[in-house]
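K.L.:
Structure provided below as structure tokens; questions to follow.
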Amino acid sequence: MSININVLYTRDTQAIFWNNNQSAIQRMFDYDYVIGREKPSVACIVSPTATDKFDKFFFGADEVMVPLFRNTAEAKRKFPKADVLLNFASFRTAYDVTMEALELGGFSSIMITAEGIPERLARKMNATARSKNVTVIGPATVGAIVPGAFKIANVGGTIENIINSKLHRAGSCGLVTRSGGLFNELSNIISINADGIAEGVAIGGDRFVGSVFIENMLRMEQNPQVKYLVLLGEVGGTEEYKVIDAVKNGLIKKPVIGWCIGTIAQHFSTGVQFGHAGASANADRETAVSKNKTMAEAGIYVPTSFNDLPKIINEIYTNLKNSGVISEVIEPKLRELPKSQKKKNFVCTISDDRGDEATYAGFPISSLATPETGKGIGDVISLLWFKKRYPKWATDFIETVIKTVADHGPAVSGAHNAKVTARAGKSVVESLVTGLLTIGPRFGGAIDDAAKYFKYGFDNNLSPKEFLEYMKKQGIPIPGIGHRIKSLKNPDKRVEGLKKFASQYFPQTPLLDYAIQIELLTTSKKENLILNVDGTIGILMVDMWRALGYSEEEINEFISSGTLNAFFIAGRTIGFIGHVLDEKRLQMPMYRHPFDDIIYDVQVADEI
Amino acid sequence: MAQKAIREFDAKTILHRHWSKYFPNFSYSYETILVENSSALRDLSVNNSWLSQKNLVAKPDMLFGKRGKNGLVLFRDQKVGDVKLEKAVNWINDKMASKQQVYSSFHGNIPNGTPKEDFLTHFIVEPFVPHIQNEEYYISATVVGDDDVLFMSAEGGMEVEENWDKVIEVRFSITDNEETIARRIIENIPNGIAESEKARFGEFAIGFFRAYRELNFAYLEINPFVMQGNQIELLDMVAKLDDTAGFLMTENWGNIEYPMAFGMEEKSPEVKAIEDADSKSGASLKLTVLNPKGRIWTMVAGGGASVVYADTIADMSGVSDLANYGEYSGGPTTEETKFYASTVLDLMTRYEDPRGKILIIGGAIANFTDVAKTFTGIIQAFEKYADKMKTHNTKIYVRRGGPNYEKGLKDIKASASKLGLYIEVYGPETHVTDIVRMALEK
């Protein structure tokens, strides 16, 4: 990644937006679309209370999905290249959010919008950022913009105003202000009286802000796109003097136009606070009048009043243009925002049938289907269920599972139901779903629960003994443990096969190892309390996902959303169809259960 | 929101509440009370026996300094340190009977500048602490630039400013840790402090500076404090809190009041009502009346814009014409804007001006505030005050941009014209403050 330190943001800059401020984010997307950015400027959103995985925003007429995360660390892990944090947390939490981001690293700039962060915290936050070379914009700011490249949140207001104020493409002015409201105004003035701005920052209204005028102006001095600078200061503080010094000693050579608002304060000795929290003159040096005077003496272009600011901007711009420093802006082609943006009702992230050939998670079907591709049903499942290509050992394992659970004879309740339905003359699909509907907590559900409970024991470092006590307290038999007839001496061959495969091909199997320790304990109590096939599958799936690098949170979600059961459903569908076809082939008659197999225990009513 | 001054009594109360944490090896008697009149003092003496047993000191506790030089510290009846409760009661009665003059600046003991005049309303009463000059010290801490600075001197008291060259300043970065801070304080104990007292003074200073930082004081000064062995008495204190830290400090500060500065005009009911509305709203509503008889009234959206309008009016017309300063921003509701506008219009139509009144409805180009929506509130206020506005020959000048501004301008123009009010409206193509020039040239 190349970082151009002379420019705050580029067309490739992407941000992590902290707080799901939908209207501000939508404005960024509208801007991105209009200026023709390829990637939206917001990579993802951190929303600590989000229950959804993503939020939808318009990008032109289309809707795009922006991932939601509950913390910055995860967002940064998933989007390491998003190096701008737009911190829209409240004044209560903005400090913590900033400090966490500085700790995580990988951010080149952090913008903080909250007003009124405790001063001591703001100072610490700013000092820490400075020591790590991170540019902080704010607190108490509307943000910054590099026209034609990247715009923070609400800067510039509506898209109409952005285009009117020529904030959609780079001009030649570098603008710094304290106030966010006047930032917009200045952009407008500069667009009317010159050719717009190349980069602009509203540094923020609080007394302690991260990057001050001078830091931003020194960067702009180095930015070849910037030809002159406009500084709008305020009464209070001494930040403008650093700029004055830089102009005097030649650190800033480009022409600077400056004005400090708040000249009114000279008429009132105390009591009235004009402007922001940072705007309180404690000494003569800090008054707007004295700053304006000193700026003028240092060679900064200072108008006679704010009302004359447009005139002086026009003069400086015209001079630079006439002397060839500024050339004519080539107006870029803009995309127009569609008049109406229609919300989509459905979202699909696994397959796409719009192109030449339908794809599974981006892979054309033909690249997976035929034998010479070397791909099997395990690959198809990994793509359509998990949107990822799993390695061969994992897809082989998935296929092993599917094959293992495909059928278990006609007597199990699901198969029985399917057979009874088929014999009632129903179709294949009707008979199949009757069987499938039987799958649940008592039939097939042990896979989910085995994964869930064994993982719980393992995650909480329960010893096998503690695990048994824990399960006893839950008041249920341990899912995945126990078989009708099989025992340690007479092992279940399916389980043996799965174990053998895993020991040979899995990178490691910590959860299975844990389960085997538990099995030692349970079989010492009763011979047939072995780890059964459901348990083995559930446990090995967890080991598989861990080895594939999924987070514990993601694995827990797989379990709670019923993904494990899905393997059983997919596999057993094969068996059920077999039983249904078998009934059809045999043309078995309607089934009626014999009376003598039912206990009738119904009292005759007292009165009819 | 920013740094706010608190009463001496509250500053002492906060320090006392955390005394054992910051000054575990020192004791402080915390014999101090705040009264609003002399009978309260008499009442409190029932439960605070020291008030009738000890000799007392009384002084106003109303944020202003230089109380000694202003002759507003009671510490002698016939001789220094002999003030009894009865004398303190009489003195408070006497000082409350009429307005007092307070100078903020002195050349030596000669007052300088014009005094502020107001009634005294709050007094702090404490025991007189007999001590010798050598036992008095000065200590304070505040923020300078980006750093915290600790000031220490062996010579405290009224003349500390005159003796400022003896004050040691130690600068600390916000990121300095406890060890560094303690080491540097110890290294910088003023030479004027007796060798035998240096260690003790250092320990107190370390605790003081930690209290200043951890309790979010923006300024904390004890001038002087008396150190007699491990006994500390805080004779005089000045403190400011960083009120933005209020949400972190609810328990540490207790119930803190931020009093108005002495000599400030009492806020009008209108201003108080706006403050009240502001505190209940997510938006920002601010109003200060500068001159109730002023000719030019402003209703400006946004903090920055409100300043440039005030600047421009003072420049072009003179500051005496500027009636008010204030702003509304942050997306106020229609109801809030209506209330704000009504308040301004009501104030504007109280005093006559032969030249008529000018109402500036100004603002920069909004980032996200819906202009038409906020104007709806102003239009509703027009409907209420149209007759009065006409009586006062009011000319309205509007300038605004931002989301939905075309509709806002159209609506406000139509409504004012229908009501028979004089109005001119301008959008972002007109320079933000140019309506001031136009209004004055009319």
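Identifiers in this document derive from the order of the structure tokens: chains are assigned A, B, ..., residues are numbered from 1 separately in each chain, and ligands are numbered from 1 in order of occurrence.
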What are the residues of chain B that have an atom within 6 Å of an atom of chain A, counting only C-alpha atoms, as a list in words?

P.N.:
Ala2, Ile174, Thr244, Ala245, Gly303, Gly304, Val307, Val308, Asp311, Ala364, Ile365, Asn367, Phe368, Pro403 and Thr433 of chain B

K.L.:
If you run DSSP on the backbone, which residues of stretch 452-553 of chain A are alpha helix (DSSP H), as a PDB file with C-alpha atoms, in the first residue's frame?

P.N.:
ATOM      1  CA  LYS A 452     -22.895 -27.355  21.467  1.00  0.00           C
ATOM      2  CA  TYR A 453     -22.304 -29.066  24.813  1.00  0.00           C
ATOM      3  CA  PHE A 454     -18.893 -30.559  24.157  1.00  0.00           C
ATOM      4  CA  LYS A 455     -17.720 -27.208  22.866  1.00  0.00           C
ATOM      5  CA  TYR A 456     -19.101 -25.534  25.979  1.00  0.00           C
ATOM      6  CA  GLY A 457     -17.181 -27.919  28.228  1.00  0.00           C
ATOM      7  CA  PHE A 458     -14.016 -27.484  26.232  1.00  0.00           C
ATOM      8  CA  ASP A 459     -14.267 -23.667  26.021  1.00  0.00           C
ATOM      9  CA  PRO A 464     -14.305 -34.634  32.013  1.00  0.00           C
ATOM     10  CA  LYS A 465     -15.632 -35.100  35.536  1.00  0.00           C
ATOM     11  CA  GLU A 466     -16.832 -31.509  35.775  1.00  0.00           C
ATOM     12  CA  PHE A 467     -18.422 -31.895  32.356  1.00  0.00           C
ATOM     13  CA  LEU A 468     -20.453 -34.891  33.487  1.00  0.00           C
ATOM     14  CA  GLU A 469     -21.562 -32.961  36.576  1.00  0.00           C
ATOM     15  CA  TYR A 470     -22.509 -30.020  34.419  1.00  0.00           C
ATOM     16  CA  MET A 471     -24.606 -32.223  32.102  1.00  0.00           C
ATOM     17  CA  LYS A 472     -26.250 -33.817  35.132  1.00  0.00           C
ATOM     18  CA  LYS A 473     -27.319 -30.362  36.288  1.00  0.00           C
ATOM     19  CA  GLN A 474     -28.794 -29.697  32.853  1.00  0.00           C
ATOM     20  CA  LYS A 493     -17.488 -48.980  12.410  1.00  0.00           C
ATOM     21  CA  ARG A 494     -18.842 -45.656  11.134  1.00  0.00           C
ATOM     22  CA  VAL A 495     -17.370 -43.889  14.138  1.00  0.00           C
ATOM     23  CA  GLU A 496     -14.099 -45.739  13.702  1.00  0.00           C
ATOM     24  CA  GLY A 497     -13.967 -44.572  10.079  1.00  0.00           C
ATOM     25  CA  LEU A 498     -14.619 -40.950  10.927  1.00  0.00           C
ATOM     26  CA  LYS A 499     -12.020 -40.960  13.686  1.00  0.00           C
ATOM     27  CA  LYS A 500      -9.454 -42.566  11.438  1.00  0.00           C
ATOM     28  CA  PHE A 501     -10.061 -40.047   8.670  1.00  0.00           C
ATOM     29  CA  ALA A 502      -9.755 -37.170  11.094  1.00  0.00           C
ATOM     30  CA  SER A 503      -6.549 -38.412  12.683  1.00  0.00           C
ATOM     31  CA  GLN A 504      -5.036 -38.798   9.249  1.00  0.00           C
ATOM     32  CA  TYR A 505      -6.165 -35.605   7.549  1.00  0.00           C
ATOM     33  CA  PRO A 510      -8.697 -30.897  20.084  1.00  0.00           C
ATOM     34  CA  LEU A 511     -12.428 -31.282  20.622  1.00  0.00           C
ATOM     35  CA  LEU A 512     -12.461 -34.915  19.566  1.00  0.00           C
ATOM     36  CA  ASP A 513      -9.545 -35.577  21.923  1.00  0.00           C
ATOM     37  CA  TYR A 514     -11.545 -33.966  24.693  1.00  0.00           C
ATOM     38  CA  ALA A 515     -14.636 -36.031  23.834  1.00  0.00           C
ATOM     39  CA  ILE A 516     -12.608 -39.259  23.906  1.00  0.00           C
ATOM     40  CA  GLN A 517     -11.498 -38.455  27.448  1.00  0.00           C
ATOM     41  CA  ILE A 518     -15.130 -38.042  28.388  1.00  0.00           C
ATOM     42  CA  GLU A 519     -16.015 -41.290  26.651  1.00  0.00           C
ATOM     43  CA  LEU A 520     -13.438 -43.079  28.832  1.00  0.00           C
ATOM     44  CA  LEU A 521     -15.312 -41.886  31.874  1.00  0.00           C
ATOM     45  CA  THR A 522     -18.829 -42.675  30.603  1.00  0.00           C
ATOM     46  CA  THR A 523     -17.924 -46.144  29.330  1.00  0.00           C
ATOM     47  CA  SER A 524     -16.409 -46.938  32.723  1.00  0.00           C
ATOM     48  CA  LYS A 525     -19.910 -46.462  34.103  1.00  0.00           C
ATOM     49  CA  VAL A 533     -21.884 -41.269  15.181  1.00  0.00           C
ATOM     50  CA  ASP A 534     -23.938 -38.093  15.791  1.00  0.00           C
ATOM     51  CA  GLY A 535     -21.541 -36.983  18.500  1.00  0.00           C
ATOM     52  CA  THR A 536     -18.474 -37.720  16.398  1.00  0.00           C
ATOM     53  CA  ILE A 537     -19.812 -35.756  13.431  1.00  0.00           C
ATOM     54  CA  GLY A 538     -20.803 -32.722  15.506  1.00  0.00           C
ATOM     55  CA  ILE A 539     -17.503 -32.647  17.336  1.00  0.00           C
ATOM     56  CA  LEU A 540     -15.364 -33.127  14.249  1.00  0.00           C
ATOM     57  CA  MET A 541     -17.251 -30.378  12.416  1.00  0.00           C
ATOM     58  CA  VAL A 542     -16.194 -27.980  15.182  1.00  0.00           C
ATOM     59  CA  ASP A 543     -12.608 -29.173  14.862  1.00  0.00           C
ATOM     60  CA  MET A 544     -12.837 -28.689  11.103  1.00  0.00           C
ATOM     61  CA  TRP A 545     -14.110 -25.116  11.376  1.00  0.00           C
ATOM     62  CA  ARG A 546     -11.475 -24.229  13.932  1.00  0.00           C
ATOM     63  CA  ALA A 547      -8.756 -25.582  11.673  1.00  0.00           C
ATOM     64  CA  GLU A 552     -15.438 -19.069  18.020  1.00  0.00           C
ATOM     65  CA  GLU A 553     -18.266 -16.603  17.522  1.00  0.00           C
TER      66      GLU A 553
END

K.L.:
Env of B:Lys95: 9 Å cut, atoms = only C-alpha atoms, seq-sep filter 5 positions within chain, self excluded. Answer as a list in words.

P.N.:
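In the requested format, the answer is Leu72, Asn90, Gln100, Phe119 and Leu120 of chain B.
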
K.L.:
The selected residues should be written to file as a tab-separated table (two decimals), in the first residue's frame (atoms: C-alpha atoms).

P.N.:
chain	number	residue	atom	x	y	z
B	72	LEU	CA	-13.87	42.06	51.98
B	90	ASN	CA	-23.08	41.78	62.02
B	100	GLN	CA	-20.41	46.42	47.02
B	119	PHE	CA	-24.93	42.60	46.03
B	120	LEU	CA	-23.04	40.01	48.00

K.L.:
Using only C-alpha atoms, determine which residues lie at most 9 Å from stretch 273-285 of chain B, disregarding the query and same-chain residues fewer than 4 positions distant; provide the list as a VMD selection string.

P.N.:
chain B and resid 268 to 269 302 326 to 333 336 to 337 339 to 340 343

K.L.:
Give me, as a list in words, all polymer residues having an atom no more than 7 Å from B:Val73, counting only C-alpha atoms and skipping those fewer than 2 positions away in the same chain.

P.N.:
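Neighbouring residues, sequence-local ones excluded: Ala58, Lys59, Arg67, Gly68, Gly71 and Phe75 of chain B.
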
K.L.:
Keeping N, CA, C and O atoms, export the residues of the selection given above as a PDB file, in the first residue's frame.

P.N.:
ATOM      1  N   ALA B  58     -14.404  35.539  57.832  1.00  0.00           N
ATOM      2  CA  ALA B  58     -15.543  35.493  56.910  1.00  0.00           C
ATOM      3  C   ALA B  58     -15.197  36.284  55.665  1.00  0.00           C
ATOM      4  O   ALA B  58     -14.497  37.294  55.734  1.00  0.00           O
ATOM      5  N   LYS B  59     -15.646  35.784  54.538  1.00  0.00           N
ATOM      6  CA  LYS B  59     -15.398  36.492  53.270  1.00  0.00           C
ATOM      7  C   LYS B  59     -16.429  36.046  52.234  1.00  0.00           C
ATOM      8  O   LYS B  59     -16.997  34.951  52.353  1.00  0.00           O
ATOM      9  N   ARG B  67     -10.031  39.504  47.365  1.00  0.00           N
ATOM     10  CA  ARG B  67     -10.988  39.907  48.394  1.00  0.00           C
ATOM     11  C   ARG B  67     -10.304  40.704  49.495  1.00  0.00           C
ATOM     12  O   ARG B  67     -10.873  41.638  50.053  1.00  0.00           O
ATOM     13  N   GLY B  68      -9.070  40.314  49.820  1.00  0.00           N
ATOM     14  CA  GLY B  68      -8.318  41.034  50.855  1.00  0.00           C
ATOM     15  C   GLY B  68      -8.116  42.477  50.455  1.00  0.00           C
ATOM     16  O   GLY B  68      -8.433  43.407  51.201  1.00  0.00           O
ATOM     17  N   GLY B  71     -10.922  44.732  50.680  1.00  0.00           N
ATOM     18  CA  GLY B  71     -11.452  44.943  52.033  1.00  0.00           C
ATOM     19  C   GLY B  71     -12.653  44.082  52.349  1.00  0.00           C
ATOM     20  O   GLY B  71     -13.539  44.463  53.099  1.00  0.00           O
ATOM     21  N   PHE B  75     -11.234  39.470  59.394  1.00  0.00           N
ATOM     22  CA  PHE B  75     -10.384  38.635  60.249  1.00  0.00           C
ATOM     23  C   PHE B  75      -9.977  39.365  61.533  1.00  0.00           C
ATOM     24  O   PHE B  75      -9.238  38.844  62.343  1.00  0.00           O
TER      25      PHE B  75
END

K.L.:
Which residue, A:Val7, A:Ser211, A:Val347, A:Lys78, has the smallest gap to A:Ile145 when you use only C-alpha atoms?

P.N.:
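Of all the options, A:Val7 lies closest to A:Ile145.
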
K.L.:
May I have the residues within 12 Å of B:Trp297 as a ChimeraX atom specification, using only C-alpha atoms and disregarding those fewer than 6 positions away in the same chain?

P.N.:
/B:287-291,306,309-310,313,319-327,341,343-349,356-362,389,394-397,436,439

K.L.:
Quick one, how far is atom CA of B:Phe106 from atom CA of B:Thr32?

P.N.:
28.2 Å
